[in-house]
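Enquirer: I have a structure here, written as structure tokens, and I will follow up with some questions on it.
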Amino acid sequence: MLVKMVMELEDIPGQLIKSLEPIARFGGNIKSIMHQRERKTPLGRLPVMLIFEVRDKAMLKRILAALKEEGMRVTQLGEREGEVRKIVLLVGHIVHTDIRDTIDQLNSIKGVMVSDLNLAVGSPGRESSARMTITADNKEQVGLAISRLSNIANNKKLLLVTSIEAV
Amino acid sequence: MRIAIIGFGNLGKGICRAFVDKAEFLRNTHGLIPQVVAVVDEFGAATDEKGLNLSQLLKTAETTGTVAKYPRGKRGKLARDVIEDVNADLVFELTPTNIRTGEPGISHIKGAMQSGKHVITSNKGPLVVAFRELDNLAKRQGVEFRYSASVGGAIPVISLARKLLGGNEISEIRGVLNGTTNYILTRMAAEGAPQDIIIREAQELGYAEKDPSLDIDGIDTACKVTILANSVLGINAKIRDVKRVGIRRITPDATRLAQESGQTIKLVGIAKRGLLEVGPKLVPMGHPLAVSGTLNAVTFELDLAREISIAGYGAGPKETSSSLLGDLLDIHHTLGG
């Protein structure tokens, strides 16, 4: 299973490697690391987002225990993610065209879930922007979700920006 | 080879400068001695059967604003008269693009072909409006017709596809084909500044036209998609067949949200059977199409080679003269030179 985790690291040398070591030690397979130095928390910590694969819940438990022992702060722990993820952007009056409905329409497709949404609300009268992560059990369902979203975007006059990479 | 140049803007001047600077190289390496016998701009023409002195011509155009002031040059002399009357082997058609009518480019190209002259053009208008007609006319007249500089500036997109990748079936071409929009999107992502401010700065730097809509509404990219569809994929397409969205609605927030997920927004042109499209797309950082600034890039999907990508400068007189000169040498060698 895939795990998405956000940790907050002290801004001193060696913290990133210290945070990764327990994952590797217990057999986790790290897929991606996003280390954002420019996005310090109010307490001066640096968030790092990890996605890694574990064999089962027990493996994840051992990793979490080891991280705690090392004094690492885990601030977010993602649920089990689907097999296929697709990130898209939306620009337009996203909130006023009922974002709840947009998400519900996608979630109503079997095996499809909107698993992440980042919204940047535009200043008054301006269009908003959003980044949406769609996860699904397989490629066909993601394809279905994207074409549904494309229809929704058409109806709600939103600009849909998809990836050039095939699903 | 005896050459006439129609249109003496940046590209016309650029190719002349290349002829001057590289005269020895062209002669020694390729056995090519380009002899420019006529140059026409919007005000008139300079002609000399024995070959114009290009350094002097460039200087004349620079100081007086027209080639007509060259010794024995003629003010008001028309391009179509020169094309028909001049004793030349080849015509460079480098006049400004009109994507609605294709004129005056179409008339110039037809006139040249009908009088048995080979043609090289950078002009998208004639290719977008009348590709088949011009391609067929060239074949009927037994003349060579090249247009590498119309897509990708200095990048040899068309000749790479048609010649070196000729053994492949090409299923899809994707590309960042417009330097202006790429510059705007790159700066929006880097600085988080609103689009209108960056467009204004791009205009001041000469990267964007006074009316930037051809670029930012994706029309220029759609022209290039149309040309690629016709010339490389053999699809008989018109610009109206291209589904088109520009970058006007891309917000600084959208570029930031893309970046936070390890991606970048690019205006991408896509050509494949059943789909001709221009629109903003998410491109993963590190992907061959994730080029920054005014750079262009193109990716081909192929049956044998699988994927080939190429990137480089998509505009500029010196850079584009690489493509114009490449076409000239191609014709020179095709003719047994």
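Chains: A, B, ... in order of the structure tokens. Residues: from 1 per chain. Ligands: from 1, in order shown.
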Compile the residues of chain B that lie within 8 Å of chain A, evaluated using only C-alpha atoms, and express the compilation as a VMD selection string.
Expert: chain B and resid 249 to 251 253 to 254 257 to 258 279 to 283
Enquirer: Convert the current residue selection to file output with C-alpha atoms, as a CSV table (one decimal), in the first residue's frame.
Expert:
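Final output, saved to result-v6.csv:
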chain,number,residue,atom,x,y,z
B,249,ARG,CA,-7.0,32.3,-17.8
B,250,ILE,CA,-3.8,30.9,-16.2
B,251,THR,CA,-3.4,32.6,-12.8
B,253,ASP,CA,-1.9,30.7,-8.2
B,254,ALA,CA,-2.3,28.0,-10.9
B,257,LEU,CA,-0.2,24.9,-7.5
B,258,ALA,CA,1.4,23.1,-10.4
B,279,GLY,CA,-4.0,24.1,-24.7
B,280,PRO,CA,-2.3,24.7,-21.3
B,281,LYS,CA,-1.0,21.3,-20.0
B,282,LEU,CA,0.7,20.1,-16.9
B,283,VAL,CA,4.2,19.0,-17.7
Enquirer: Enumerate the residues of stretch 28-236 of chain B with a DSSP assignment of alpha helix (DSSP H), computed from the backbone, and present them as a PyMOL selection string.
Expert: chain B and resi 28-30+54-64+79-85+105-114+124-141+157-159+179-191+195-204+213-216+219-231
Enquirer: Tell me which protein, DNA and RNA residues are within 9 Å of B:Arg244, counting only C-alpha atoms, leaving out same-chain ones fewer than 5 positions away, and put them as a PyMOL selection string.
Expert: chain B and resi 217-219+221-222+269+276-279
Enquirer: Put those residues in a file: C-alpha atoms, as a JSON list (two decimals), in the first residue's frame.
Expert:
[["chain", "number", "residue", "atom", "x", "y", "z"],
["B", 217, "ASP", "CA", -4.72, 32.81, -27.41],
["B", 218, "GLY", "CA", -2.77, 29.91, -28.90],
["B", 219, "ILE", "CA", -3.37, 30.92, -32.53],
["B", 221, "THR", "CA", 0.68, 27.42, -31.88],
["B", 222, "ALA", "CA", -2.46, 26.25, -33.72],
["B", 269, "GLY", "CA", 0.35, 21.86, -29.26],
["B", 276, "LEU", "CA", -5.41, 18.44, -33.16],
["B", 277, "GLU", "CA", -5.25, 20.48, -30.01],
["B", 278, "VAL", "CA", -3.63, 23.49, -28.37],
["B", 279, "GLY", "CA", -4.00, 24.14, -24.67]]
Enquirer: Quick one: residues within 10 Å of A:Pro47, only C-alpha atoms counted, chain neighbours fewer than 2 positions away excluded, as a list in words?
Expert: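 The neighbour list is Val6, Met7, Glu8, Leu9, Glu10, Asp11, Met34, His35, Gln36, Arg37, Glu38, Arg39, Lys40, Thr41, Gly44, Arg45, Met49, Leu50, Arg73, Val74 and Thr75 of chain A.
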